[in-house]
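Shown next: my_file.cif, containing mmCIF, C-alpha atoms.
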data_final
#
loop_
_atom_site.label_atom_id
_atom_site.label_comp_id
_atom_site.auth_asym_id
_atom_site.auth_seq_id
_atom_site.Cartn_x
_atom_site.Cartn_y
_atom_site.Cartn_z
CA MET A 1 27.30 64.36 22.51
CA ARG A 2 24.32 63.08 24.51
CA ALA A 3 23.30 59.44 24.36
CA LEU A 4 20.81 57.16 26.12
CA ARG A 5 22.83 54.25 27.46
CA LEU A 6 22.04 51.01 29.26
CA THR A 7 23.54 50.94 32.74
CA ASP A 8 24.13 48.10 35.18
CA VAL A 9 22.06 49.98 37.77
CA GLU A 10 18.82 48.30 38.81
CA GLY A 11 15.76 50.55 39.12
CA ALA A 12 12.89 50.26 41.58
CA ASP A 13 10.97 48.11 39.06
CA GLY A 14 13.82 45.60 38.87
CA LYS A 15 14.83 46.66 35.36
CA LYS A 16 18.18 48.09 34.39
CA VAL A 17 18.21 51.88 34.11
CA ILE A 18 18.63 53.68 30.78
CA ALA A 19 20.48 56.90 31.56
CA LEU A 20 21.00 60.05 29.50
CA GLU A 21 24.74 60.60 29.45
CA THR A 22 26.55 63.72 28.25
CA GLY A 23 30.11 64.08 27.04
CA VAL A 24 29.93 60.84 25.06
CA PRO A 25 32.48 60.96 22.21
CA VAL A 26 31.04 61.47 18.74
CA PRO A 27 31.79 58.30 16.75
CA ALA A 28 34.24 58.53 13.88
CA PRO A 29 32.97 56.77 10.73
CA ALA A 30 35.27 54.05 9.46
CA ALA A 31 35.84 53.33 5.79
CA GLY A 32 32.48 52.39 4.26
CA GLU A 33 30.55 54.12 7.04
CA ALA A 34 28.59 57.35 7.35
CA LEU A 35 28.11 59.60 10.35
CA VAL A 36 24.44 60.54 10.73
CA ARG A 37 23.28 63.46 12.84
CA VAL A 38 20.19 61.84 14.36
CA SER A 39 17.13 64.05 14.27
CA HIS A 40 14.69 61.52 15.75
CA ALA A 41 14.90 57.96 17.00
CA ALA A 42 12.04 55.56 17.75
CA LEU A 43 11.65 52.95 20.48
CA ASN A 44 11.16 49.25 19.93
CA HIS A 45 10.26 46.54 22.42
CA ARG A 46 13.83 45.27 22.23
CA ASP A 47 14.95 48.46 24.00
CA ASN A 48 12.77 47.45 26.94
CA TRP A 49 13.70 43.75 26.73
CA LEU A 50 17.36 44.71 26.98
CA THR A 51 16.60 46.24 30.39
CA MET A 52 15.33 42.81 31.43
CA GLY A 53 18.39 40.93 30.20
CA MET A 54 16.41 39.25 27.41
CA TYR A 55 19.00 39.70 24.64
CA PRO A 56 22.38 38.09 24.01
CA ARG A 57 25.66 40.00 24.04
CA ILE A 58 24.37 42.79 26.27
CA GLN A 59 27.03 45.42 26.83
CA TYR A 60 26.38 47.83 29.66
CA GLY A 61 27.34 51.34 28.74
CA GLY A 62 26.17 50.81 25.15
CA THR A 63 23.85 53.22 23.36
CA LEU A 64 20.40 51.79 22.60
CA GLY A 65 18.09 52.50 19.66
CA SER A 66 17.57 50.72 16.34
CA ASP A 67 15.37 53.19 14.45
CA GLY A 68 16.55 56.59 13.35
CA ALA A 69 16.34 59.36 10.77
CA GLY A 70 18.64 62.29 10.22
CA GLU A 71 21.27 63.87 7.98
CA VAL A 72 24.58 62.45 6.77
CA VAL A 73 27.26 64.86 8.03
CA ALA A 74 30.48 62.93 7.40
CA LEU A 75 31.82 59.88 5.57
CA GLY A 76 34.65 57.48 6.31
CA ASP A 77 37.99 57.37 4.53
CA GLY A 78 37.88 56.66 0.80
CA ALA A 79 34.42 58.10 0.23
CA ASP A 80 35.76 60.71 -2.19
CA ASP A 81 36.87 57.92 -4.51
CA ASP A 82 33.33 56.54 -4.82
CA ALA A 83 30.79 58.91 -6.37
CA ALA A 84 27.81 56.89 -5.13
CA THR A 85 29.08 56.99 -1.56
CA ALA A 86 30.08 60.66 -1.70
CA ALA A 87 26.56 61.54 -2.89
CA TRP A 88 25.12 60.64 0.54
CA LEU A 89 26.79 63.62 2.20
CA GLY A 90 24.18 66.17 3.30
CA ARG A 91 21.22 63.93 2.46
CA ARG A 92 18.23 63.21 4.68
CA VAL A 93 18.15 59.49 5.41
CA ILE A 94 16.53 56.66 7.30
CA ILE A 95 18.64 53.80 8.62
CA ASP A 96 18.16 50.07 8.01
CA ALA A 97 18.82 48.51 11.42
CA SER A 98 19.77 45.06 10.04
CA LEU A 99 23.58 44.83 10.06
CA GLY A 100 25.27 42.24 7.87
CA TRP A 101 22.19 40.43 6.55
CA GLY A 102 23.92 39.55 3.27
CA ASP A 103 22.55 38.87 -0.21
CA SER A 104 20.05 36.09 0.55
CA LEU A 105 16.34 36.82 0.70
CA ALA A 106 15.65 33.71 2.75
CA ALA A 107 17.67 34.45 5.90
CA PRO A 108 20.66 36.47 7.13
CA ALA A 109 24.15 35.22 6.42
CA THR A 110 25.18 35.90 10.03
CA LYS A 111 25.23 32.73 12.12
CA GLY A 112 22.60 32.95 14.87
CA GLY A 113 20.63 35.68 13.11
CA VAL A 114 21.18 39.22 11.97
CA GLN A 115 22.79 41.78 14.25
CA ILE A 116 20.51 44.70 15.03
CA LEU A 117 21.74 48.26 15.44
CA GLY A 118 21.58 49.36 19.06
CA MET A 119 23.20 46.41 20.88
CA PRO A 120 25.91 45.33 20.81
CA SER A 121 26.81 48.17 18.41
CA ASP A 122 25.92 51.70 19.53
CA GLY A 123 22.51 52.77 18.24
CA THR A 124 20.35 55.72 17.32
CA LEU A 125 19.36 57.05 20.74
CA ALA A 126 22.21 59.53 20.48
CA GLU A 127 22.89 62.81 18.73
CA TYR A 128 25.16 61.00 16.23
CA VAL A 129 25.52 57.42 15.02
CA ALA A 130 27.96 55.75 12.61
CA VAL A 131 26.45 53.14 10.28
CA PRO A 132 27.46 51.32 7.09
CA VAL A 133 26.70 53.37 3.97
CA GLN A 134 24.81 50.36 2.57
CA ASN A 135 22.30 50.75 5.40
CA LEU A 136 21.29 54.26 4.32
CA HIS A 137 18.09 54.95 2.40
CA ALA A 138 16.76 58.25 1.14
CA CYS A 139 13.96 59.46 3.38
CA PRO A 140 10.55 59.66 1.61
CA ALA A 141 9.98 63.37 1.06
CA HIS A 142 6.44 63.41 2.47
CA LEU A 143 7.52 62.22 5.94
CA THR A 144 8.52 64.35 8.90
CA ASP A 145 11.68 63.31 10.75
CA ALA A 146 9.62 61.69 13.52
CA GLN A 147 7.52 59.76 11.00
CA ALA A 148 10.64 58.65 9.16
CA ALA A 149 12.27 57.47 12.39
CA ALA A 150 9.17 55.40 13.15
CA LEU A 151 9.51 53.44 9.94
CA PRO A 152 12.61 51.20 9.78
CA LEU A 153 12.45 48.16 12.05
CA ALA A 154 8.68 47.81 12.38
CA GLY A 155 8.02 48.76 8.76
CA ALA A 156 10.55 46.29 7.42
CA THR A 157 9.28 43.48 9.65
CA ALA A 158 5.70 44.14 8.56
CA PHE A 159 6.63 44.26 4.87
CA ARG A 160 8.50 40.95 4.98
CA ALA A 161 5.77 39.27 7.03
CA LEU A 162 3.04 40.53 4.72
CA THR A 163 4.64 40.03 1.29
CA THR A 164 7.58 37.62 1.29
CA LYS A 165 6.21 35.31 4.00
CA GLY A 166 2.50 36.06 3.73
CA GLY A 167 2.29 36.10 -0.05
CA VAL A 168 0.21 39.28 -0.24
CA ARG A 169 0.47 40.85 -3.69
CA ALA A 170 -0.68 44.17 -5.10
CA GLY A 171 -4.11 44.00 -6.69
CA ALA A 172 -4.74 40.34 -5.78
CA GLY A 173 -7.70 41.22 -3.55
CA GLN A 174 -6.62 38.92 -0.73
CA SER A 175 -8.11 38.74 2.75
CA VAL A 176 -5.62 39.46 5.55
CA LEU A 177 -5.88 39.29 9.35
CA VAL A 178 -3.54 41.51 11.39
CA THR A 179 -3.63 40.88 15.14
CA GLY A 180 -2.93 43.31 17.96
CA VAL A 181 -3.34 46.53 16.03
CA GLY A 182 -1.78 49.49 17.84
CA GLY A 183 1.76 48.15 17.92
CA GLY A 184 4.19 49.36 15.27
CA VAL A 185 4.45 46.19 13.14
CA ALA A 186 0.71 45.53 13.20
CA LEU A 187 -0.09 49.10 12.18
CA PHE A 188 2.33 48.98 9.26
CA ALA A 189 0.91 45.62 8.19
CA LEU A 190 -2.56 47.22 8.18
CA GLN A 191 -1.45 50.25 6.19
CA MET A 192 0.64 48.27 3.72
CA GLY A 193 -2.07 45.65 3.27
CA VAL A 194 -4.62 48.33 2.44
CA ALA A 195 -2.13 49.97 0.05
CA LEU A 196 -1.73 46.62 -1.74
CA GLY A 197 -5.49 46.32 -2.16
CA ALA A 198 -6.12 43.62 0.46
CA ARG A 199 -9.20 43.33 2.66
CA VAL A 200 -7.64 43.76 6.11
CA THR A 201 -9.25 42.64 9.38
CA VAL A 202 -7.65 43.73 12.66
CA THR A 203 -7.97 42.75 16.31
CA SER A 204 -7.40 44.61 19.57
CA SER A 205 -8.87 44.73 23.06
CA CYS A 206 -9.07 48.55 22.88
CA ALA A 207 -12.14 50.12 21.25
CA ALA A 208 -10.30 53.38 20.58
CA LYS A 209 -7.51 51.56 18.71
CA LEU A 210 -10.07 49.66 16.65
CA ALA A 211 -11.84 52.90 15.75
CA ARG A 212 -8.58 54.46 14.57
CA ALA A 213 -7.76 51.29 12.61
CA ALA A 214 -11.08 51.61 10.79
CA GLU A 215 -10.11 55.16 9.82
CA LEU A 216 -6.87 53.76 8.38
CA GLY A 217 -8.82 51.39 6.13
CA ALA A 218 -9.49 48.23 8.15
CA ALA A 219 -12.47 46.42 6.62
CA ALA A 220 -13.38 44.70 9.89
CA CYS A 221 -12.35 45.31 13.51
CA LEU A 222 -12.72 42.62 16.19
CA ASN A 223 -12.38 43.19 19.93
CA TYR A 224 -10.76 40.09 21.39
CA GLY A 225 -11.87 41.23 24.85
CA GLU A 226 -15.45 40.45 23.90
CA GLU A 227 -16.93 37.00 24.34
CA GLY A 228 -17.38 35.05 21.13
CA TRP A 229 -15.12 37.25 19.01
CA GLU A 230 -13.45 34.23 17.36
CA LYS A 231 -16.81 33.14 15.95
CA ARG A 232 -16.85 36.32 13.86
CA LEU A 233 -13.50 35.63 12.16
CA ARG A 234 -14.92 33.76 9.17
CA GLU A 235 -17.47 36.50 8.44
CA ALA A 236 -14.80 39.19 8.88
CA SER A 237 -12.60 37.48 6.29
CA GLY A 238 -15.29 37.98 3.67
CA GLY A 239 -16.57 34.42 4.05
CA GLY A 240 -13.77 32.43 2.45
CA GLY A 241 -11.20 32.54 5.21
CA PHE A 242 -7.97 34.51 5.43
CA ASP A 243 -5.29 34.23 2.78
CA ALA A 244 -2.74 35.54 5.26
CA VAL A 245 -2.55 36.07 9.01
CA VAL A 246 0.15 38.37 10.42
CA ASP A 247 0.50 37.72 14.15
CA GLY A 248 2.89 38.98 16.80
CA ALA A 249 1.26 37.48 19.89
CA GLY A 250 1.13 33.69 19.54
CA GLY A 251 -0.75 31.98 22.37
CA ALA A 252 -3.88 29.87 22.19
CA ALA A 253 -5.54 32.22 19.67
CA LEU A 254 -3.43 30.70 16.88
CA ASN A 255 -5.78 27.72 16.66
CA GLY A 256 -8.70 30.07 16.10
CA TYR A 257 -6.85 31.66 13.20
CA LEU A 258 -6.02 28.26 11.69
CA LYS A 259 -9.71 27.36 11.74
CA ASN A 260 -10.52 30.41 9.67
CA MET A 261 -7.89 30.37 6.94
CA ALA A 262 -8.47 29.96 3.26
CA PRO A 263 -7.08 26.83 1.59
CA GLY A 264 -3.38 27.36 0.98
CA GLY A 265 -3.26 30.38 3.27
CA ARG A 266 -0.22 31.50 5.24
CA LEU A 267 0.03 32.16 8.96
CA VAL A 268 3.06 34.33 9.70
CA SER A 269 4.46 34.81 13.22
CA TYR A 270 6.85 37.62 14.12
CA GLY A 271 6.53 37.41 17.93
CA VAL A 272 5.05 35.58 20.91
CA THR A 273 4.07 38.30 23.38
CA ALA A 274 1.19 36.10 24.59
CA GLY A 275 3.47 33.10 24.94
CA PRO A 276 3.64 29.90 22.87
CA CYS A 277 0.63 27.96 21.67
CA LYS A 278 1.07 24.83 23.78
CA ASN A 279 -1.44 22.72 21.86
CA LEU A 280 -1.07 23.90 18.28
CA ALA A 281 -3.70 22.11 16.18
CA LEU A 282 -1.45 21.13 13.28
CA PRO A 283 -4.18 19.04 11.57
CA LEU A 284 -6.05 22.30 10.98
CA ALA A 285 -3.03 23.45 9.00
CA PHE A 286 -2.00 20.42 6.96
CA LEU A 287 -5.54 19.32 6.07
CA ASN A 288 -6.11 22.78 4.61
CA ASN A 289 -2.63 23.09 3.08
CA VAL A 290 -1.86 26.10 5.25
CA ASP A 291 1.75 27.26 5.58
CA ILE A 292 3.06 28.38 8.99
CA ALA A 293 6.01 30.74 8.68
CA CYS A 294 8.15 32.81 11.03
CA THR A 295 10.09 35.98 10.35
CA ALA A 296 12.30 38.61 11.93
CA MET A 297 13.67 41.83 10.41
CA SER A 298 14.20 41.99 6.62
CA SER A 299 16.80 41.68 3.89
CA PRO A 300 18.27 44.79 2.23
CA MET A 301 16.15 44.12 -0.86
CA GLU A 302 12.95 44.01 1.16
CA PHE A 303 13.89 47.15 3.09
CA ALA A 304 14.37 49.04 -0.18
CA ALA A 305 11.03 47.71 -1.51
CA MET A 306 9.33 48.74 1.74
CA VAL A 307 10.64 52.30 1.45
CA GLU A 308 9.51 52.42 -2.18
CA LEU A 309 5.98 51.32 -1.20
CA VAL A 310 5.81 53.94 1.56
CA GLY A 311 6.82 56.59 -0.96
CA SER A 312 4.59 55.52 -3.86
CA ALA A 313 1.52 55.01 -1.65
CA ALA A 314 2.31 58.09 0.50
CA LEU A 315 1.92 56.02 3.66
CA VAL A 316 2.29 57.97 6.90
CA PRO A 317 3.53 56.09 9.99
CA GLU A 318 1.48 56.59 13.13
CA VAL A 319 3.48 58.44 15.81
CA HIS A 320 1.98 58.16 19.28
CA ALA A 321 4.22 60.73 20.95
CA VAL A 322 7.55 62.53 20.64
CA HIS A 323 9.65 62.92 23.79
CA ALA A 324 12.78 64.83 24.70
CA PRO A 325 15.81 62.68 25.65
CA SER A 326 15.46 63.90 29.23
CA ASP A 327 11.90 62.50 29.28
CA PHE A 328 12.95 58.98 28.31
CA ASP A 329 11.50 57.34 31.43
CA ALA A 330 8.01 58.49 30.39
CA ALA A 331 8.58 57.30 26.83
CA ILE A 332 9.57 53.76 27.76
CA GLY A 333 6.90 53.72 30.47
CA THR A 334 4.23 54.21 27.81
CA MET A 335 5.62 51.25 25.91
CA ARG A 336 5.68 49.06 29.02
CA ASP A 337 2.04 49.93 29.71
CA GLY A 338 1.04 49.07 26.13
CA ALA A 339 -0.88 52.33 25.87
CA GLN A 340 0.56 53.49 22.54
CA PHE A 341 -1.07 53.58 19.13
CA GLY A 342 1.89 53.78 16.79
CA LYS A 343 5.51 54.50 17.50
CA ILE A 344 7.07 56.39 20.41
CA CYS A 345 9.82 58.73 19.22
CA VAL A 346 12.62 60.71 20.85
CA ASP A 347 13.78 64.05 19.45
CA MET A 348 17.53 63.64 19.91
CA GLN A 349 18.26 67.28 19.11
CA GLN A 350 15.82 68.68 21.70
CA SER A 351 17.58 70.20 24.67
#

What would you get if you wrote out this structure as structure tokens?
Amino acid sequence: MRALRLTDVEGADGKKVIALETGVPVPAPAAGEALVRVSHAALNHRDNWLTMGMYPRIQYGGTLGSDGAGEVVALGDGADDDAATAAWLGRRVIIDASLGWGDSLAAPATKGGVQILGMPSDGTLAEYVAVPVQNLHACPAHLTDAQAAALPLAGATAFRALTTKGGVRAGAGQSVLVTGVGGGVALFALQMGVALGARVTVTSSCAAKLARAAELGAAACLNYGEEGWEKRLREASGGGGFDAVVDGAGGAALNGYLKNMAPGGRLVSYGVTAGPCKNLALPLAFLNNVDIACTAMSSPMEFAAMVELVGSAALVPEVHAVHAPSDFDAAIGTMRDGAQFGKICVDMQQS
């Protein structure tokens, strides 16, 4: 089969090269595993960070990719003795990329955090991938394969940040701020927040992304490239401050969010792409009884609830582009430039 694998070769930009290799053996599913013929895979920032050596346990020659959708074509030994497992054969599925989370909602059982499909284990940027049967979920019928592939990692992260950590509940009419709209997690947080009946405000430095966010239901759109944008946060919240802030950037802007939160609100961080906030104004948080929470990935229970919400609300993931495996350099280049609105997918069956 063909697979996109991380090499120890350094490119002109100083990053390790991801090469399309042919003749890679098709994995054999072990007991309790399923072999999925991958229709589409989607990129995440971790695929790029791995090229910069920013992940532990990097294994050169390993297949990247955490997100994927496809069809179950084989099962490991013993599947015939379990009707529930045998029923997956031939089904269209999406894959939960969190391996070995365990039964706790609070945090993964794995010491040091959950293992993510796609390093060190071989991932979805291949024509076939073997995964635990417990990580399979039926694909919502209204989604294309590319849309389904766009969902898992970013969708699950957004759902956990918004609901479990952020406390957003269906029909509660809460005010939510989602920063950096255009990235996968932020877009899902917008769409899910709207589906849950929240008033969602978004930020971006790109007018075109803000315009598209408004079409997706954002109640207010703030351009953080404009002077004085932070002064508009309180008004954008509806006047009472934000009940939840879902942020993937960090940086100095966090203090501006803390100033504009409702009493008892929750600020949830899932990333620090803008770097740490070196002078975090904690008095703004504790004097207003604001919780500051952090999150990564999701538990199996949350993943299942996320898929259910996508199905019941008929949410459609935003797909920025679909590339052939041979065009992978252009795909990851778009991600590195930050030009995407939504997920970048790879059609693993395209020749």

* Residue among A:Gly338, A:Gly240, A:Gly250, A:Gly333 lying closest to A:Asp13, counting only C-alpha atoms -> A:Gly333

* To do: Between atom CA of A:Thr7 and atom CA of A:Asn44, measure the distance and give it in Å to one decimal.
  =>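 Spanning atom CA of A:Thr7 to atom CA of A:Asn44 is a straight-line distance of 17.9 Å.
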
* Asked: Excluding same-chain residues fewer than 6 positions from A:Leu6, what lies within 8 Å of it counting only C-alpha atoms, as a list in words?
  -> Lys16, Val17, Ile18, Ala19, Thr51, Gln59, Tyr60, Gly61, Gly62, Thr63 and Leu64 of chain A

Let me know the centre plus edge lengths, in Å and rounded to one decimal, of a box with edges along x, y and z that contains all listed atoms of stretch 211-224 of chain A and is padded by 8 Å on every side, as lines of an AutoDock Vina configuration file.
center_x = -10.1
center_y = 47.6
center_z = 13.8
size_x = 22.5
size_y = 31.1
size_z = 31.3

* Taking into account all atoms listed in the file, which residue in the set A:Ser298, A:Ser237, A:Thr203, A:Ser39 is nearest to A:Ile116? ->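 Checking each of A:Ser298, A:Ser237, A:Thr203, A:Ser39 against A:Ile116, counting all atoms listed in the file, the winner is A:Ser298.
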
Where does the PyMOL selection byres ((chain A and resi 89-95) around 7) land in this file, that is, which residues does it pick, as a PDB file with C-alpha atoms, in the coordinates of the input?
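Result file is part-v2.pdb:
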ATOM      1  CA  ASP A  67      15.370  53.190  14.450  1.00  0.00           C
ATOM      2  CA  GLY A  68      16.550  56.590  13.350  1.00  0.00           C
ATOM      3  CA  ALA A  69      16.340  59.360  10.770  1.00  0.00           C
ATOM      4  CA  GLY A  70      18.640  62.290  10.220  1.00  0.00           C
ATOM      5  CA  GLU A  71      21.270  63.870   7.980  1.00  0.00           C
ATOM      6  CA  VAL A  72      24.580  62.450   6.770  1.00  0.00           C
ATOM      7  CA  VAL A  73      27.260  64.860   8.030  1.00  0.00           C
ATOM      8  CA  ALA A  74      30.480  62.930   7.400  1.00  0.00           C
ATOM      9  CA  ALA A  86      30.080  60.660  -1.700  1.00  0.00           C
ATOM     10  CA  ALA A  87      26.560  61.540  -2.890  1.00  0.00           C
ATOM     11  CA  TRP A  88      25.120  60.640   0.540  1.00  0.00           C
ATOM     12  CA  ASP A  96      18.160  50.070   8.010  1.00  0.00           C
ATOM     13  CA  ALA A  97      18.820  48.510  11.420  1.00  0.00           C
ATOM     14  CA  ASN A 135      22.300  50.750   5.400  1.00  0.00           C
ATOM     15  CA  LEU A 136      21.290  54.260   4.320  1.00  0.00           C
ATOM     16  CA  HIS A 137      18.090  54.950   2.400  1.00  0.00           C
ATOM     17  CA  ALA A 138      16.760  58.250   1.140  1.00  0.00           C
ATOM     18  CA  CYS A 139      13.960  59.460   3.380  1.00  0.00           C
ATOM     19  CA  ALA A 148      10.640  58.650   9.160  1.00  0.00           C
ATOM     20  CA  ALA A 149      12.270  57.470  12.390  1.00  0.00           C
ATOM     21  CA  PRO A 152      12.610  51.200   9.780  1.00  0.00           C
TER      22      PRO A 152
END

* Structure fact -> Using all atoms listed in the file, the best pick from A:Gly264, A:Gly76, A:Gly238, A:Gly251 as closest to A:Arg199 would be A:Gly238

Per residue of stretch 266-334 of chain A within 10 Å of stretch 158-174 of chain A, which atom pair is closest and at what distance in Å (one decimal), using all atoms listed in the file, listed by chain and increasing number, as a tab-separated table?
residue	atom	partner	partner_atom	distance
A:Arg266	CA	A:Gly166	CA	5.5
A:Leu267	CA	A:Gly166	CA	7.0
A:Val268	CA	A:Ala161	CA	6.2
A:Ser269	CA	A:Ala161	CA	7.7
A:Tyr270	CA	A:Ala161	CA	7.4
A:Asp291	CA	A:Gly166	CA	9.0
A:Ile292	CA	A:Lys165	CA	9.1
A:Ala293	CA	A:Lys165	CA	6.5
A:Cys294	CA	A:Lys165	CA	7.7
A:Thr295	CA	A:Ala161	CA	6.4
A:Ala296	CA	A:Ala161	CA	8.2
A:Met297	CA	A:Arg160	CA	7.5
A:Ser298	CA	A:Arg160	CA	6.0
A:Ser299	CA	A:Arg160	CA	8.4
A:Glu302	CA	A:Arg160	CA	6.6
A:Phe303	CA	A:Phe159	CA	8.0
A:Ala305	CA	A:Phe159	CA	8.5
A:Met306	CA	A:Phe159	CA	6.1
A:Val307	CA	A:Phe159	CA	9.6
A:Leu309	CA	A:Phe159	CA	9.3

* Surrounding residues of A:Gly217 excluding itself and chain neighbours under 6 positions, 12 Å, only C-alpha atoms, as a ChimeraX atom specification -> /A:187-202,210-211,315

* Please evaluate the PyMOL selection byres ((chain A and resi 274-288) around 9) against the displayed coordinates and give the resulting residues as a list in words. => Gly248, Ala249, Gly250, Gly251, Ala252, Ala253, Leu254, Asn255, Leu258, Lys259, Met261, Ala262, Pro263, Gly264, Gly265, Gly271, Val272, Thr273, Asn289, Val290, Asp291 and Ile292 of chain A

* Near A:Gly78, counting only C-alpha atoms, which residues have an atom at most 12 Å away, once you skip same-chain residues fewer than 2 positions from it, shown as a ChimeraX atom specification? -> /A:29-34,74-76,80-86

* Reference answer for the PyMOL selection byres ((chain A and resi 229) around 12), as a list of chain:residue names -> A:Val202, A:Thr203, A:Ser204, A:Ser205, A:Ala220, A:Cys221, A:Leu222, A:Asn223, A:Tyr224, A:Gly225, A:Glu226, A:Glu227, A:Gly228, A:Glu230, A:Lys231, A:Arg232, A:Leu233, A:Arg234, A:Glu235, A:Ala236, A:Ala253, A:Gly256, A:Tyr257

* Asked: With only C-alpha atoms as the basis for distance, which of A:Pro27, A:Pro300, A:Pro317, A:Pro325 is at the shortest distance from A:Leu105?
  ->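 Using only C-alpha atoms, A:Leu105 sits closest to A:Pro300.
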
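With only C-alpha atoms as the atoms that count, the residue of A:Gly118, A:Phe341, A:Val322, A:Asp247 with the shortest distance to A:Asp47 is A:Gly118.
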
* d(atom CA of A:Thr22, atom CA of A:Ile58) in Å ->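 So the answer is 21.1 Å.
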
* Asked: How many Å separate atom CA of A:His40 from atom CA of A:Glu215?
  ->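 So the answer is 26.3 Å.
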
* Taking into account all atoms listed in the file, which residue in the set A:Ala304, A:Met348, A:Ala208, A:Leu43 is nearest to A:Ala324? -> A:Met348

* Show which residues sit within 8 Å of A:Gln340, as JSON, numbers by chain. Count all atoms listed in the file, and ignore same-chain residues fewer than 2 positions away. => {"A": [182, 183, 320, 334, 335, 338, 342, 343, 344]}

Complete stretch 305-322 of chain A at the level of N, CA and C atoms, written as a PDB file, in the coordinates of the input.
ATOM      1  N   ALA A 305      12.385  47.825  -0.956  1.00  0.00           N
ATOM      2  CA  ALA A 305      11.030  47.710  -1.510  1.00  0.00           C
ATOM      3  C   ALA A 305      10.006  48.307  -0.562  1.00  0.00           C
ATOM      4  N   MET A 306      10.235  48.154   0.745  1.00  0.00           N
ATOM      5  CA  MET A 306       9.330  48.740   1.740  1.00  0.00           C
ATOM      6  C   MET A 306       9.338  50.266   1.643  1.00  0.00           C
ATOM      7  N   VAL A 307      10.539  50.849   1.556  1.00  0.00           N
ATOM      8  CA  VAL A 307      10.640  52.300   1.450  1.00  0.00           C
ATOM      9  C   VAL A 307       9.971  52.797   0.160  1.00  0.00           C
ATOM     10  N   GLU A 308      10.137  52.043  -0.905  1.00  0.00           N
ATOM     11  CA  GLU A 308       9.510  52.420  -2.180  1.00  0.00           C
ATOM     12  C   GLU A 308       7.981  52.408  -2.061  1.00  0.00           C
ATOM     13  N   LEU A 309       7.431  51.384  -1.385  1.00  0.00           N
ATOM     14  CA  LEU A 309       5.980  51.320  -1.200  1.00  0.00           C
ATOM     15  C   LEU A 309       5.483  52.489  -0.355  1.00  0.00           C
ATOM     16  N   VAL A 310       6.203  52.811   0.709  1.00  0.00           N
ATOM     17  CA  VAL A 310       5.810  53.940   1.560  1.00  0.00           C
ATOM     18  C   VAL A 310       5.783  55.221   0.744  1.00  0.00           C
ATOM     19  N   GLY A 311       6.773  55.390  -0.135  1.00  0.00           N
ATOM     20  CA  GLY A 311       6.820  56.590  -0.960  1.00  0.00           C
ATOM     21  C   GLY A 311       5.739  56.625  -2.014  1.00  0.00           C
ATOM     22  N   SER A 312       5.556  55.531  -2.752  1.00  0.00           N
ATOM     23  CA  SER A 312       4.590  55.520  -3.860  1.00  0.00           C
ATOM     24  C   SER A 312       3.153  55.590  -3.368  1.00  0.00           C
ATOM     25  N   ALA A 313       2.870  54.993  -2.198  1.00  0.00           N
ATOM     26  CA  ALA A 313       1.520  55.010  -1.650  1.00  0.00           C
ATOM     27  C   ALA A 313       1.306  56.158  -0.662  1.00  0.00           C
ATOM     28  N   ALA A 314       2.352  56.959  -0.448  1.00  0.00           N
ATOM     29  CA  ALA A 314       2.310  58.090   0.500  1.00  0.00           C
ATOM     30  C   ALA A 314       1.800  57.652   1.870  1.00  0.00           C
ATOM     31  N   LEU A 315       2.309  56.511   2.343  1.00  0.00           N
ATOM     32  CA  LEU A 315       1.920  56.020   3.660  1.00  0.00           C
ATOM     33  C   LEU A 315       2.567  56.881   4.748  1.00  0.00           C
ATOM     34  N   VAL A 316       1.810  57.140   5.800  1.00  0.00           N
ATOM     35  CA  VAL A 316       2.290  57.970   6.900  1.00  0.00           C
ATOM     36  C   VAL A 316       2.298  57.142   8.181  1.00  0.00           C
ATOM     37  N   PRO A 317       3.471  56.849   8.734  1.00  0.00           N
ATOM     38  CA  PRO A 317       3.530  56.090   9.990  1.00  0.00           C
ATOM     39  C   PRO A 317       2.802  56.814  11.114  1.00  0.00           C
ATOM     40  N   GLU A 318       2.151  56.037  11.963  1.00  0.00           N
ATOM     41  CA  GLU A 318       1.480  56.590  13.130  1.00  0.00           C
ATOM     42  C   GLU A 318       2.518  56.853  14.236  1.00  0.00           C
ATOM     43  N   VAL A 319       2.580  58.069  14.713  1.00  0.00           N
ATOM     44  CA  VAL A 319       3.480  58.440  15.810  1.00  0.00           C
ATOM     45  C   VAL A 319       2.620  58.753  17.027  1.00  0.00           C
ATOM     46  N   HIS A 320       2.793  57.964  18.071  1.00  0.00           N
ATOM     47  CA  HIS A 320       1.980  58.160  19.280  1.00  0.00           C
ATOM     48  C   HIS A 320       2.408  59.396  20.044  1.00  0.00           C
ATOM     49  N   ALA A 321       3.714  59.582  20.187  1.00  0.00           N
ATOM     50  CA  ALA A 321       4.220  60.730  20.950  1.00  0.00           C
ATOM     51  C   ALA A 321       5.686  60.943  20.605  1.00  0.00           C
ATOM     52  N   VAL A 322       6.137  62.189  20.798  1.00  0.00           N
ATOM     53  CA  VAL A 322       7.550  62.530  20.640  1.00  0.00           C
ATOM     54  C   VAL A 322       8.044  63.107  21.959  1.00  0.00           C
TER      55      VAL A 322
END
